[in-house]
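Next comes data_38.cif, a file with mmCIF, C-alpha atoms.
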data_model
loop_
_atom_site.group_PDB
_atom_site.id
_atom_site.type_symbol
_atom_site.label_atom_id
_atom_site.label_comp_id
_atom_site.auth_asym_id
_atom_site.auth_seq_id
_atom_site.Cartn_x
_atom_site.Cartn_y
_atom_site.Cartn_z
ATOM 1 C CA MET N 1 -11.569 -19.927 22.188
ATOM 2 C CA THR N 2 -14.519 -17.594 21.925
ATOM 3 C CA THR N 3 -17.983 -18.444 20.870
ATOM 4 C CA VAL N 4 -21.100 -16.575 20.066
ATOM 5 C CA GLN N 5 -23.981 -16.044 21.850
ATOM 6 C CA THR N 6 -25.463 -13.173 23.589
ATOM 7 C CA GLN N 7 -27.467 -11.491 20.913
ATOM 8 C CA LEU N 8 -26.146 -8.099 19.862
ATOM 9 C CA HIS N 9 -28.733 -5.501 18.849
ATOM 10 C CA TRP N 10 -28.273 -2.501 16.614
ATOM 11 C CA GLU N 11 -28.974 -0.168 19.517
ATOM 12 C CA ASP N 12 -26.031 -1.684 21.433
ATOM 13 C CA VAL N 13 -23.503 -0.470 18.884
ATOM 14 C CA LYS N 14 -21.959 2.924 18.229
ATOM 15 C CA GLU N 15 -19.245 4.283 15.988
ATOM 16 C CA GLY N 16 -15.804 3.664 17.422
ATOM 17 C CA ASP N 17 -16.741 0.530 19.318
ATOM 18 C CA LYS N 18 -14.055 -2.114 19.211
ATOM 19 C CA ILE N 19 -15.088 -5.601 18.209
ATOM 20 C CA PRO N 20 -13.704 -8.279 20.545
ATOM 21 C CA GLY N 21 -10.783 -9.826 18.716
ATOM 22 C CA TYR N 22 -8.941 -13.089 18.916
ATOM 23 C CA THR N 23 -5.519 -14.547 18.123
ATOM 24 C CA LEU N 24 -4.373 -17.374 15.867
ATOM 25 C CA ASP N 25 -0.864 -18.784 16.178
ATOM 26 C CA LEU N 26 0.354 -19.912 12.758
ATOM 27 C CA SER N 27 2.136 -23.055 13.803
ATOM 28 C CA TRP N 28 3.002 -25.668 11.207
ATOM 29 C CA THR N 29 0.000 -27.634 12.421
ATOM 30 C CA LYS N 30 -2.156 -24.596 11.715
ATOM 31 C CA MET N 31 -0.672 -24.528 8.203
ATOM 32 C CA VAL N 32 -1.908 -28.097 7.697
ATOM 33 C CA GLU N 33 -5.316 -27.156 9.083
ATOM 34 C CA GLN N 34 -5.342 -24.290 6.563
ATOM 35 C CA VAL N 35 -4.948 -26.718 3.659
ATOM 36 C CA SER N 36 -7.505 -29.126 5.125
ATOM 37 C CA GLY N 37 -10.041 -26.419 5.872
ATOM 38 C CA SER N 38 -9.721 -24.544 2.610
ATOM 39 C CA GLN N 39 -8.924 -27.507 0.322
ATOM 40 C CA ASP N 40 -6.496 -25.146 -1.416
ATOM 41 C CA PHE N 41 -3.547 -27.240 -2.515
ATOM 42 C CA TYR N 42 -1.689 -24.547 -4.472
ATOM 43 C CA GLU N 43 1.949 -25.178 -3.546
ATOM 44 C CA VAL N 44 2.697 -21.570 -2.682
ATOM 45 C CA HIS N 45 0.707 -22.176 0.523
ATOM 46 C CA HIS N 46 2.490 -25.317 1.704
ATOM 47 C CA ASP N 47 5.739 -25.896 -0.236
ATOM 48 C CA PRO N 48 8.535 -23.520 0.884
ATOM 49 C CA ASP N 49 10.760 -24.318 -2.116
ATOM 50 C CA PHE N 50 7.935 -23.606 -4.545
ATOM 51 C CA ALA N 51 7.091 -20.345 -2.766
ATOM 52 C CA ARG N 52 10.713 -19.158 -2.823
ATOM 53 C CA GLU N 53 11.108 -20.082 -6.475
ATOM 54 C CA ALA N 54 8.116 -17.837 -7.156
ATOM 55 C CA GLY N 55 9.940 -14.982 -5.415
ATOM 56 C CA HIS N 56 8.235 -15.102 -2.028
ATOM 57 C CA GLU N 57 10.007 -15.013 1.302
ATOM 58 C CA GLU N 58 8.084 -18.009 2.600
ATOM 59 C CA ILE N 59 4.861 -19.931 2.102
ATOM 60 C CA PHE N 60 1.932 -17.755 3.041
ATOM 61 C CA TYR N 61 -1.557 -18.370 4.342
ATOM 62 C CA ASN N 62 -4.208 -18.546 1.660
ATOM 63 C CA THR N 63 -7.359 -16.646 0.796
ATOM 64 C CA GLY N 64 -9.674 -19.287 2.272
ATOM 65 C CA PHE N 65 -7.968 -19.099 5.637
ATOM 66 C CA THR N 66 -7.865 -15.311 5.601
ATOM 67 C CA GLN N 67 -11.519 -14.817 4.784
ATOM 68 C CA ALA N 68 -12.521 -17.482 7.302
ATOM 69 C CA ALA N 69 -10.584 -15.688 10.048
ATOM 70 C CA LEU N 70 -12.178 -12.340 9.212
ATOM 71 C CA CYS N 71 -15.643 -13.856 8.883
ATOM 72 C CA ARG N 72 -15.344 -15.511 12.289
ATOM 73 C CA LEU N 73 -14.712 -12.148 13.936
ATOM 74 C CA LEU N 74 -18.023 -10.904 12.541
ATOM 75 C CA THR N 75 -20.113 -13.994 13.198
ATOM 76 C CA ASP N 76 -18.812 -14.330 16.776
ATOM 77 C CA TRP N 77 -19.704 -10.685 17.381
ATOM 78 C CA MET N 78 -23.052 -10.299 15.628
ATOM 79 C CA GLY N 79 -24.794 -13.306 17.196
ATOM 80 C CA LYS N 80 -27.185 -15.768 15.635
ATOM 81 C CA GLU N 81 -29.611 -13.109 14.403
ATOM 82 C CA GLY N 82 -27.003 -11.007 12.649
ATOM 83 C CA TRP N 83 -26.267 -11.175 8.932
ATOM 84 C CA ILE N 84 -23.166 -10.235 6.962
ATOM 85 C CA GLN N 85 -24.471 -8.346 3.968
ATOM 86 C CA ASN N 86 -21.224 -7.158 2.381
ATOM 87 C CA PHE N 87 -17.683 -8.217 3.038
ATOM 88 C CA SER N 88 -14.508 -7.216 1.221
ATOM 89 C CA PHE N 89 -10.832 -7.601 1.970
ATOM 90 C CA GLN N 90 -7.430 -6.972 0.466
ATOM 91 C CA MET N 91 -4.569 -9.444 0.610
ATOM 92 C CA ARG N 92 -1.896 -6.738 0.885
ATOM 93 C CA ARG N 93 0.807 -8.485 2.878
ATOM 94 C CA MET N 94 1.441 -12.018 3.958
ATOM 95 C CA ASN N 95 0.916 -14.074 7.069
ATOM 96 C CA ILE N 96 3.531 -16.792 7.244
ATOM 97 C CA PRO N 97 4.428 -19.726 9.522
ATOM 98 C CA GLU N 98 5.281 -18.784 13.086
ATOM 99 C CA ASP N 99 3.396 -15.466 12.888
ATOM 100 C CA HIS N 100 0.990 -14.637 15.688
ATOM 101 C CA VAL N 101 -2.055 -13.204 13.968
ATOM 102 C CA GLN N 102 -4.590 -11.010 15.682
ATOM 103 C CA VAL N 103 -8.018 -10.490 14.175
ATOM 104 C CA LYS N 104 -9.527 -7.137 15.125
ATOM 105 C CA GLY N 105 -12.274 -4.743 14.143
ATOM 106 C CA VAL N 106 -13.935 -1.415 14.868
ATOM 107 C CA VAL N 107 -17.389 -0.013 14.141
ATOM 108 C CA THR N 108 -17.247 2.811 11.587
ATOM 109 C CA GLY N 109 -20.938 3.694 11.295
ATOM 110 C CA THR N 110 -24.520 2.782 12.143
ATOM 111 C CA GLN N 111 -27.708 3.454 10.258
ATOM 112 C CA VAL N 112 -31.327 2.337 10.220
ATOM 113 C CA ARG N 113 -32.045 1.866 6.556
ATOM 114 C CA GLU N 114 -35.216 2.630 4.634
ATOM 115 C CA ASP N 115 -36.122 -1.052 4.729
ATOM 116 C CA GLY N 116 -36.107 -0.891 8.550
ATOM 117 C CA LYS N 117 -32.944 -2.944 8.999
ATOM 118 C CA GLY N 118 -30.190 -1.899 11.371
ATOM 119 C CA ALA N 119 -26.951 -1.672 9.414
ATOM 120 C CA VAL N 120 -23.504 -1.406 10.948
ATOM 121 C CA THR N 121 -20.341 -0.761 8.960
ATOM 122 C CA VAL N 122 -17.126 -2.214 10.266
ATOM 123 C CA ASP N 123 -13.426 -2.031 9.494
ATOM 124 C CA LEU N 124 -11.642 -5.243 10.364
ATOM 125 C CA TRP N 125 -8.231 -6.646 9.723
ATOM 126 C CA LEU N 126 -5.580 -9.258 10.341
ATOM 127 C CA GLU N 127 -2.323 -8.093 11.838
ATOM 128 C CA ASN N 128 0.737 -10.021 12.893
ATOM 129 C CA ASP N 129 3.569 -9.298 15.269
ATOM 130 C CA ARG N 130 6.155 -9.277 12.445
ATOM 131 C CA ILE N 131 4.837 -6.598 10.042
ATOM 132 C CA GLY N 132 1.546 -5.265 11.443
ATOM 133 C CA ILE N 133 -1.635 -5.113 9.393
ATOM 134 C CA THR N 134 -1.640 -7.548 6.495
ATOM 135 C CA THR N 135 -5.258 -7.783 5.463
ATOM 136 C CA PRO N 136 -7.557 -4.777 5.754
ATOM 137 C CA ALA N 137 -11.248 -5.484 5.300
ATOM 138 C CA GLU N 138 -14.639 -3.831 5.422
ATOM 139 C CA ALA N 139 -18.079 -5.232 6.105
ATOM 140 C CA THR N 140 -21.686 -4.239 6.495
ATOM 141 C CA VAL N 141 -23.530 -6.258 9.107
ATOM 142 C CA LEU N 142 -27.279 -6.238 9.692
ATOM 143 C CA LEU N 143 -28.325 -6.481 13.344
ATOM 144 C CA PRO N 144 -31.788 -6.917 14.837
ATOM 145 C CA LEU N 145 -33.486 -3.859 16.308
ATOM 146 C CA ARG N 146 -34.777 -4.131 19.868
ATOM 147 C CA GLU N 147 -37.903 -2.195 19.080
ATOM 148 C CA SER N 148 -38.843 -4.488 16.229
ATOM 149 C CA MET J 149 -3.896 -18.911 -18.003
ATOM 150 C CA SER J 150 -1.191 -19.248 -20.577
ATOM 151 C CA ASP J 151 2.463 -18.498 -20.023
ATOM 152 C CA GLN J 152 3.204 -15.860 -22.616
ATOM 153 C CA VAL J 153 6.601 -14.386 -21.980
ATOM 154 C CA ASN J 154 6.910 -12.510 -25.207
ATOM 155 C CA GLU J 155 7.005 -9.004 -26.546
ATOM 156 C CA SER J 156 3.748 -9.269 -28.438
ATOM 157 C CA TYR J 157 1.534 -9.237 -25.365
ATOM 158 C CA ASP J 158 -1.216 -6.787 -26.309
ATOM 159 C CA ILE J 159 -3.391 -5.824 -23.352
ATOM 160 C CA GLU J 160 -5.880 -3.884 -25.481
ATOM 161 C CA ALA J 161 -6.466 -6.856 -27.761
ATOM 162 C CA ILE J 162 -6.932 -9.097 -24.741
ATOM 163 C CA LYS J 163 -9.437 -6.680 -23.207
ATOM 164 C CA ALA J 164 -11.405 -6.595 -26.445
ATOM 165 C CA GLU J 165 -11.460 -10.355 -26.790
ATOM 166 C CA TRP J 166 -11.995 -11.452 -23.207
ATOM 167 C CA ILE J 167 -13.902 -8.901 -21.134
ATOM 168 C CA GLY J 168 -17.533 -9.995 -20.826
ATOM 169 C CA LYS J 169 -16.816 -13.680 -21.441
ATOM 170 C CA LYS J 170 -18.565 -16.028 -19.022
ATOM 171 C CA THR J 171 -17.947 -19.538 -17.855
ATOM 172 C CA GLU J 172 -20.715 -22.082 -18.149
ATOM 173 C CA LYS J 173 -22.925 -22.281 -15.098
ATOM 174 C CA THR J 174 -21.659 -25.279 -13.173
ATOM 175 C CA THR J 175 -23.089 -27.090 -10.167
ATOM 176 C CA GLY J 176 -21.072 -28.089 -7.123
ATOM 177 C CA ARG J 177 -20.010 -31.718 -6.913
ATOM 178 C CA TYR J 178 -21.924 -32.353 -3.704
ATOM 179 C CA PRO J 179 -24.690 -30.653 -1.740
ATOM 180 C CA VAL J 180 -23.700 -28.568 1.258
ATOM 181 C CA GLU J 181 -22.377 -30.989 3.893
ATOM 182 C CA TYR J 182 -21.464 -30.909 7.564
ATOM 183 C CA ASP J 183 -17.876 -32.067 7.460
ATOM 184 C CA PRO J 184 -16.377 -29.439 5.118
ATOM 185 C CA ILE J 185 -17.953 -26.838 7.399
ATOM 186 C CA ARG J 186 -16.372 -28.509 10.409
ATOM 187 C CA ARG J 187 -12.936 -28.496 8.713
ATOM 188 C CA HIS J 188 -13.365 -24.857 7.745
ATOM 189 C CA CYS J 189 -14.238 -23.943 11.332
ATOM 190 C CA HIS J 190 -11.336 -25.998 12.661
ATOM 191 C CA MET J 191 -8.754 -23.961 10.733
ATOM 192 C CA VAL J 192 -9.804 -20.725 12.461
ATOM 193 C CA GLU J 193 -10.970 -22.305 15.735
ATOM 194 C CA ASP J 194 -14.549 -21.224 15.132
ATOM 195 C CA THR J 195 -16.996 -22.891 17.534
ATOM 196 C CA ASN J 196 -20.162 -21.145 16.319
ATOM 197 C CA PRO J 197 -23.052 -23.575 16.942
ATOM 198 C CA LEU J 198 -24.941 -22.255 13.916
ATOM 199 C CA PHE J 199 -22.205 -23.840 11.786
ATOM 200 C CA LEU J 200 -21.446 -26.937 13.838
ATOM 201 C CA ASP J 201 -24.367 -28.093 15.959
ATOM 202 C CA PRO J 202 -27.369 -29.707 14.225
ATOM 203 C CA ASP J 203 -29.587 -29.127 17.268
ATOM 204 C CA ALA J 204 -28.658 -25.455 17.473
ATOM 205 C CA GLY J 205 -29.239 -25.110 13.750
ATOM 206 C CA LYS J 206 -32.610 -26.822 13.952
ATOM 207 C CA ASN J 207 -33.707 -24.456 16.719
ATOM 208 C CA SER J 208 -32.412 -21.344 14.959
ATOM 209 C CA GLN J 209 -34.323 -19.090 12.580
ATOM 210 C CA TYR J 210 -32.719 -21.046 9.734
ATOM 211 C CA GLY J 211 -34.058 -24.453 10.832
ATOM 212 C CA SER J 212 -30.769 -26.062 9.874
ATOM 213 C CA VAL J 213 -27.034 -25.780 10.207
ATOM 214 C CA ILE J 214 -25.822 -23.067 7.846
ATOM 215 C CA ALA J 215 -22.448 -22.649 6.214
ATOM 216 C CA PRO J 216 -20.262 -19.668 7.104
ATOM 217 C CA PRO J 217 -21.079 -17.188 4.333
ATOM 218 C CA VAL J 218 -17.541 -17.248 2.956
ATOM 219 C CA MET J 219 -17.985 -20.959 2.103
ATOM 220 C CA ALA J 220 -20.535 -20.355 -0.667
ATOM 221 C CA GLY J 221 -17.837 -20.502 -3.323
ATOM 222 C CA TYR J 222 -16.450 -23.744 -1.927
ATOM 223 C CA PHE J 223 -19.774 -25.559 -2.148
ATOM 224 C CA ALA J 224 -20.440 -24.241 -5.645
ATOM 225 C CA GLY J 225 -17.229 -25.907 -6.820
ATOM 226 C CA SER J 226 -15.989 -29.412 -7.361
ATOM 227 C CA GLY J 227 -13.069 -29.432 -4.975
ATOM 228 C CA PRO J 228 -9.527 -30.362 -5.906
ATOM 229 C CA TRP J 229 -10.040 -34.099 -6.188
ATOM 230 C CA PRO J 230 -10.874 -36.072 -8.305
ATOM 231 C CA LYS J 231 -9.921 -33.547 -10.925
ATOM 232 C CA LYS J 232 -12.638 -32.592 -13.372
ATOM 233 C CA ALA J 233 -11.934 -31.922 -17.013
ATOM 234 C CA LYS J 234 -11.425 -28.187 -17.431
ATOM 235 C CA THR J 235 -14.292 -26.516 -19.205
ATOM 236 C CA ASP J 236 -13.546 -23.113 -17.697
ATOM 237 C CA ALA J 237 -13.899 -20.561 -20.489
ATOM 238 C CA LEU J 238 -11.798 -18.142 -18.463
ATOM 239 C CA ALA J 239 -8.963 -20.582 -17.746
ATOM 240 C CA ASN J 240 -6.945 -19.372 -20.709
ATOM 241 C CA VAL J 241 -7.107 -15.619 -20.404
ATOM 242 C CA PRO J 242 -3.609 -14.732 -21.650
ATOM 243 C CA THR J 243 -1.237 -13.437 -18.987
ATOM 244 C CA ARG J 244 2.518 -12.976 -18.895
ATOM 245 C CA GLY J 245 3.205 -15.273 -15.980
ATOM 246 C CA GLU J 246 1.550 -18.222 -14.338
ATOM 247 C CA ARG J 247 2.186 -17.273 -10.729
ATOM 248 C CA LYS J 248 -0.934 -15.872 -9.133
ATOM 249 C CA ILE J 249 -2.177 -14.270 -5.937
ATOM 250 C CA ASN J 250 -5.700 -13.276 -4.964
ATOM 251 C CA MET J 251 -5.618 -9.609 -3.986
ATOM 252 C CA ASN J 252 -9.047 -8.056 -3.476
ATOM 253 C CA ILE J 253 -12.182 -10.029 -2.713
ATOM 254 C CA ASP J 254 -15.608 -8.435 -2.355
ATOM 255 C CA TRP J 255 -18.755 -10.415 -1.508
ATOM 256 C CA GLU J 256 -22.406 -9.587 -1.185
ATOM 257 C CA TYR J 257 -24.412 -12.220 0.691
ATOM 258 C CA LEU J 258 -28.113 -12.401 -0.025
ATOM 259 C CA ILE J 259 -29.544 -15.545 1.586
ATOM 260 C CA PRO J 260 -28.169 -18.264 3.873
ATOM 261 C CA VAL J 261 -26.632 -21.474 2.600
ATOM 262 C CA LYS J 262 -28.051 -24.494 4.427
ATOM 263 C CA ILE J 263 -27.093 -28.133 4.775
ATOM 264 C CA GLY J 264 -28.435 -29.961 1.728
ATOM 265 C CA ASP J 265 -28.473 -26.933 -0.578
ATOM 266 C CA GLN J 266 -27.039 -27.526 -4.030
ATOM 267 C CA LEU J 267 -25.087 -24.517 -5.218
ATOM 268 C CA SER J 268 -24.060 -23.492 -8.710
ATOM 269 C CA SER J 269 -21.821 -20.733 -9.973
ATOM 270 C CA GLN J 270 -21.054 -18.730 -13.064
ATOM 271 C CA ARG J 271 -18.108 -16.393 -13.498
ATOM 272 C CA GLU J 272 -17.585 -13.449 -15.832
ATOM 273 C CA LEU J 273 -14.397 -11.589 -16.693
ATOM 274 C CA ILE J 274 -14.992 -7.946 -15.759
ATOM 275 C CA ASP J 275 -11.565 -6.403 -16.371
ATOM 276 C CA VAL J 276 -7.961 -7.097 -17.344
ATOM 277 C CA PHE J 277 -5.220 -4.562 -16.772
ATOM 278 C CA GLU J 278 -1.496 -4.149 -16.316
ATOM 279 C CA LYS J 279 -0.066 -2.712 -13.101
ATOM 280 C CA PRO J 280 3.504 -3.188 -11.894
ATOM 281 C CA ILE J 281 4.411 -4.863 -8.632
ATOM 282 C CA LYS J 282 7.781 -5.213 -6.966
ATOM 283 C CA LEU J 283 8.184 -8.762 -8.278
ATOM 284 C CA ASP J 284 7.130 -7.996 -11.836
ATOM 285 C CA PRO J 285 6.951 -4.632 -13.644
ATOM 286 C CA LYS J 286 4.553 -6.125 -16.166
ATOM 287 C CA ALA J 287 2.131 -7.920 -13.835
ATOM 288 C CA VAL J 288 -1.320 -8.592 -15.248
ATOM 289 C CA TRP J 289 -4.451 -8.333 -13.107
ATOM 290 C CA LEU J 290 -7.763 -10.086 -13.770
ATOM 291 C CA VAL J 291 -11.091 -9.079 -12.237
ATOM 292 C CA THR J 292 -13.936 -11.604 -12.269
ATOM 293 C CA GLU J 293 -17.470 -11.594 -10.920
ATOM 294 C CA THR J 294 -19.047 -14.802 -9.640
ATOM 295 C CA ARG J 295 -22.758 -15.369 -9.100
ATOM 296 C CA ILE J 296 -23.668 -18.253 -6.827
ATOM 297 C CA THR J 297 -27.186 -19.652 -6.913
ATOM 298 C CA ASN J 298 -28.965 -22.436 -5.058
ATOM 299 C CA GLN J 299 -31.208 -25.279 -6.235
ATOM 300 C CA ASN J 300 -34.126 -22.828 -6.556
ATOM 301 C CA ASP J 301 -32.030 -20.524 -8.736
ATOM 302 C CA ASP J 302 -32.036 -17.914 -5.978
ATOM 303 C CA VAL J 303 -28.848 -15.853 -5.906
ATOM 304 C CA VAL J 304 -27.134 -16.545 -2.600
ATOM 305 C CA ALA J 305 -23.963 -14.519 -3.134
ATOM 306 C CA ILE J 306 -22.197 -12.307 -5.655
ATOM 307 C CA GLY J 307 -18.434 -12.044 -5.488
ATOM 308 C CA ARG J 308 -15.820 -9.954 -7.210
ATOM 309 C CA ASN J 309 -12.237 -11.171 -7.214
ATOM 310 C CA THR J 310 -9.066 -9.376 -8.321
ATOM 311 C CA LEU J 311 -6.331 -11.840 -9.203
ATOM 312 C CA LEU J 312 -2.721 -10.758 -9.655
ATOM 313 C CA THR J 313 -0.689 -12.826 -12.111
ATOM 314 C CA HIS J 314 3.080 -12.441 -12.323
ATOM 315 C CA ARG J 315 6.247 -14.004 -13.656
ATOM 316 C CA THR J 316 9.025 -15.612 -11.650
ATOM 317 C CA PRO J 317 12.136 -13.474 -10.957
ATOM 318 C CA GLU J 318 13.999 -15.553 -13.567
ATOM 319 C CA GLN J 319 11.372 -14.803 -16.202
ATOM 320 C CA VAL J 320 11.443 -11.083 -15.369
ATOM 321 C CA SER J 321 15.259 -11.028 -15.615
ATOM 322 C CA ALA J 322 15.208 -12.850 -18.933
ATOM 323 C CA ASP J 323 12.679 -10.352 -20.283
ATOM 324 C CA LEU J 324 14.734 -7.359 -19.097
ATOM 325 C CA GLN J 325 17.866 -8.707 -20.785
ATOM 326 C CA LYS J 326 16.200 -8.868 -24.200
#

How does this structure look as structure tokens?
Amino acid sequence: MTTVQTQLHWEDVKEGDKIPGYTLDLSWTKMVEQVSGSQDFYEVHHDPDFAREAGHEEIFYNTGFTQAALCRLLTDWMGKEGWIQNFSFQMRRMNIPEDHVQVKGVVTGTQVREDGKGAVTVDLWLENDRIGITTPAEATVLLPLRES
Amino acid sequence: MSDQVNESYDIEAIKAEWIGKKTEKTTGRYPVEYDPIRRHCHMVEDTNPLFLDPDAGKNSQYGSVIAPPVMAGYFAGSGPWPKKAKTDALANVPTRGERKINMNIDWEYLIPVKIGDQLSSQRELIDVFEKPIKLDPKAVWLVTETRITNQNDDVVAIGRNTLLTHRTPEQVSADLQK
């Protein structure tokens, strides 16, 4: 398990840098944690018969879980003085029980804005070992400047 | 959303009637609390002390534990239990099917959400359109924008959600056989 805590500064980051990722194994216990953590009780996320009746291959992990996993990548990386300004993601494909999900990201740009804040744009995503990338995402993170 | 499996579904009429409608501004059932944050962190094995450790939060620039930004919507809601009477003005936007999947989510975060904050939200329907998917050639998509504010009426986050609604395979087959 990773945790935050050396502070990242804007000057430390350049386009193309990989963000340290992490892995989540979607065991059936993790599925229960998903429902507990998100409080999303829609049956398509925990009832296989319901999910199949709706035309899905299997139950799939929900939006709350997905955004939490992506958000953690950013907050682990940016440190306690960072701030997620914008965050968007697309639920294109599904993560299902027994998948091994990797959460990854890469820096796509850096800029000191007119307001003096150090902005970093990032592509991030979930991918699993069954079908590859399932959830592409983008974010803009504000990082502290050393010189300020 | 209503289950309207019929030939009279008129997307232009629905756009005209529903786009721009807003829900009432509603306040979350409880203030921002520690334990929902802990459960949220548990599901993705997040050990960030800013979210979990009151001492670390107190000594941070925020002076308090904060919620992961993606939890703003959770604390602005009432949770699944006990159920509240539905007063959601957007709950009955007509669609063809009742199955639904969140597709695109886009958030802007403006200020941190701290333990004890009391969040409110208001949602507006921004767009409705038809776009086929493999499961349903007549899937209907809804785009909503949510503004989340705190007890001082400061906007803490603005979110845009694209929800896909679709019919079951049986409903699609029945429609195709008409």

Separation of CA of Tyr22 (chain N) from CA of Trp10 (chain N), in Å and rounded to one decimal: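 Computed distance, CA of Tyr22 (chain N) to CA of Trp10 (chain N), equals 22.2 Å.
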
Reference answer for the PyMOL selection byres ((chain J) within 6 of (chain N)), as a PDB file with C-alpha atoms, in the coordinates of the input:
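See out_10.pdb below for the written result:
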ATOM      1  CA  ARG J 187     -12.936 -28.496   8.713  1.00  0.00           C
ATOM      2  CA  HIS J 188     -13.365 -24.857   7.745  1.00  0.00           C
ATOM      3  CA  MET J 191      -8.754 -23.961  10.733  1.00  0.00           C
ATOM      4  CA  VAL J 192      -9.804 -20.725  12.461  1.00  0.00           C
ATOM      5  CA  THR J 195     -16.996 -22.891  17.534  1.00  0.00           C
ATOM      6  CA  ASN J 196     -20.162 -21.145  16.319  1.00  0.00           C
ATOM      7  CA  MET J 251      -5.618  -9.609  -3.986  1.00  0.00           C
ATOM      8  CA  ASN J 252      -9.047  -8.056  -3.476  1.00  0.00           C
ATOM      9  CA  ILE J 253     -12.182 -10.029  -2.713  1.00  0.00           C
ATOM     10  CA  ASP J 254     -15.608  -8.435  -2.355  1.00  0.00           C
ATOM     11  CA  TRP J 255     -18.755 -10.415  -1.508  1.00  0.00           C
ATOM     12  CA  GLU J 256     -22.406  -9.587  -1.185  1.00  0.00           C
ATOM     13  CA  TYR J 257     -24.412 -12.220   0.691  1.00  0.00           C
ATOM     14  CA  THR J 316       9.025 -15.612 -11.650  1.00  0.00           C
TER      15      THR J 316
END

Nearest to Lys170 (chain J) among J:Ala239, J:Arg244, J:Ser321, J:Leu311, with distances taken over all atoms listed in the file: which residue is it?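 The closest residue to Lys170 (chain J) is J:Ala239.
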
Would you write out, as a PyMOL selection string, every residue that the PyMOL selection byres ((chain J and resi 260-272) around 6) captures in this file? chain J and resi 169-171+173-176+179-181+213-215+224+259+273+292-299

Quick one, how far is CA of Ile159 (chain J) from CA of Glu278 (chain J)?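 So the answer is 7.5 Å.
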
Length of the CA of Asp99 (chain N) to CA of His45 (chain N) vector [Å]: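 Spanning CA of Asp99 (chain N) to CA of His45 (chain N) is a straight-line distance of 14.3 Å.
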
May I have the residues at most 9 Å from (-26.2, -26.7, 13.1) in the file's coordinates, counting only C-alpha atoms, as a ChimeraX atom specification? /J:182,196-208,211-215,263

Neighbours of Gln111 (chain N) within 9 Å (only C-alpha atoms; same-chain residues fewer than 4 positions away dropped), as a PDB file with C-alpha atoms, in the coordinates of the input?
ATOM      1  CA  TRP N  10     -28.273  -2.501  16.614  1.00  0.00           C
ATOM      2  CA  LYS N 117     -32.944  -2.944   8.999  1.00  0.00           C
ATOM      3  CA  GLY N 118     -30.190  -1.899  11.371  1.00  0.00           C
ATOM      4  CA  ALA N 119     -26.951  -1.672   9.414  1.00  0.00           C
ATOM      5  CA  VAL N 120     -23.504  -1.406  10.948  1.00  0.00           C
ATOM      6  CA  THR N 121     -20.341  -0.761   8.960  1.00  0.00           C
TER       7      THR N 121
END

With distances taken over only C-alpha atoms, which of J:Ile274, J:Asp194, J:Cys189, J:Leu258 is nearest to Trp166 (chain J)?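 Distance minimum relative to Trp166 (chain J) lands on J:Ile274.
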
Could you list as a CSV table (one decimal) with C-alpha atoms, in the frame of the given file every residue that has an atom within 9 Å of (-30.6, -2.5, 18.7), using the file's coordinates and counting all atoms listed in the file?
chain,number,residue,atom,x,y,z
N,8,LEU,CA,-26.1,-8.1,19.9
N,9,HIS,CA,-28.7,-5.5,18.8
N,10,TRP,CA,-28.3,-2.5,16.6
N,11,GLU,CA,-29.0,-0.2,19.5
N,12,ASP,CA,-26.0,-1.7,21.4
N,13,VAL,CA,-23.5,-0.5,18.9
N,118,GLY,CA,-30.2,-1.9,11.4
N,143,LEU,CA,-28.3,-6.5,13.3
N,144,PRO,CA,-31.8,-6.9,14.8
N,145,LEU,CA,-33.5,-3.9,16.3
N,146,ARG,CA,-34.8,-4.1,19.9
N,147,GLU,CA,-37.9,-2.2,19.1
N,148,SER,CA,-38.8,-4.5,16.2
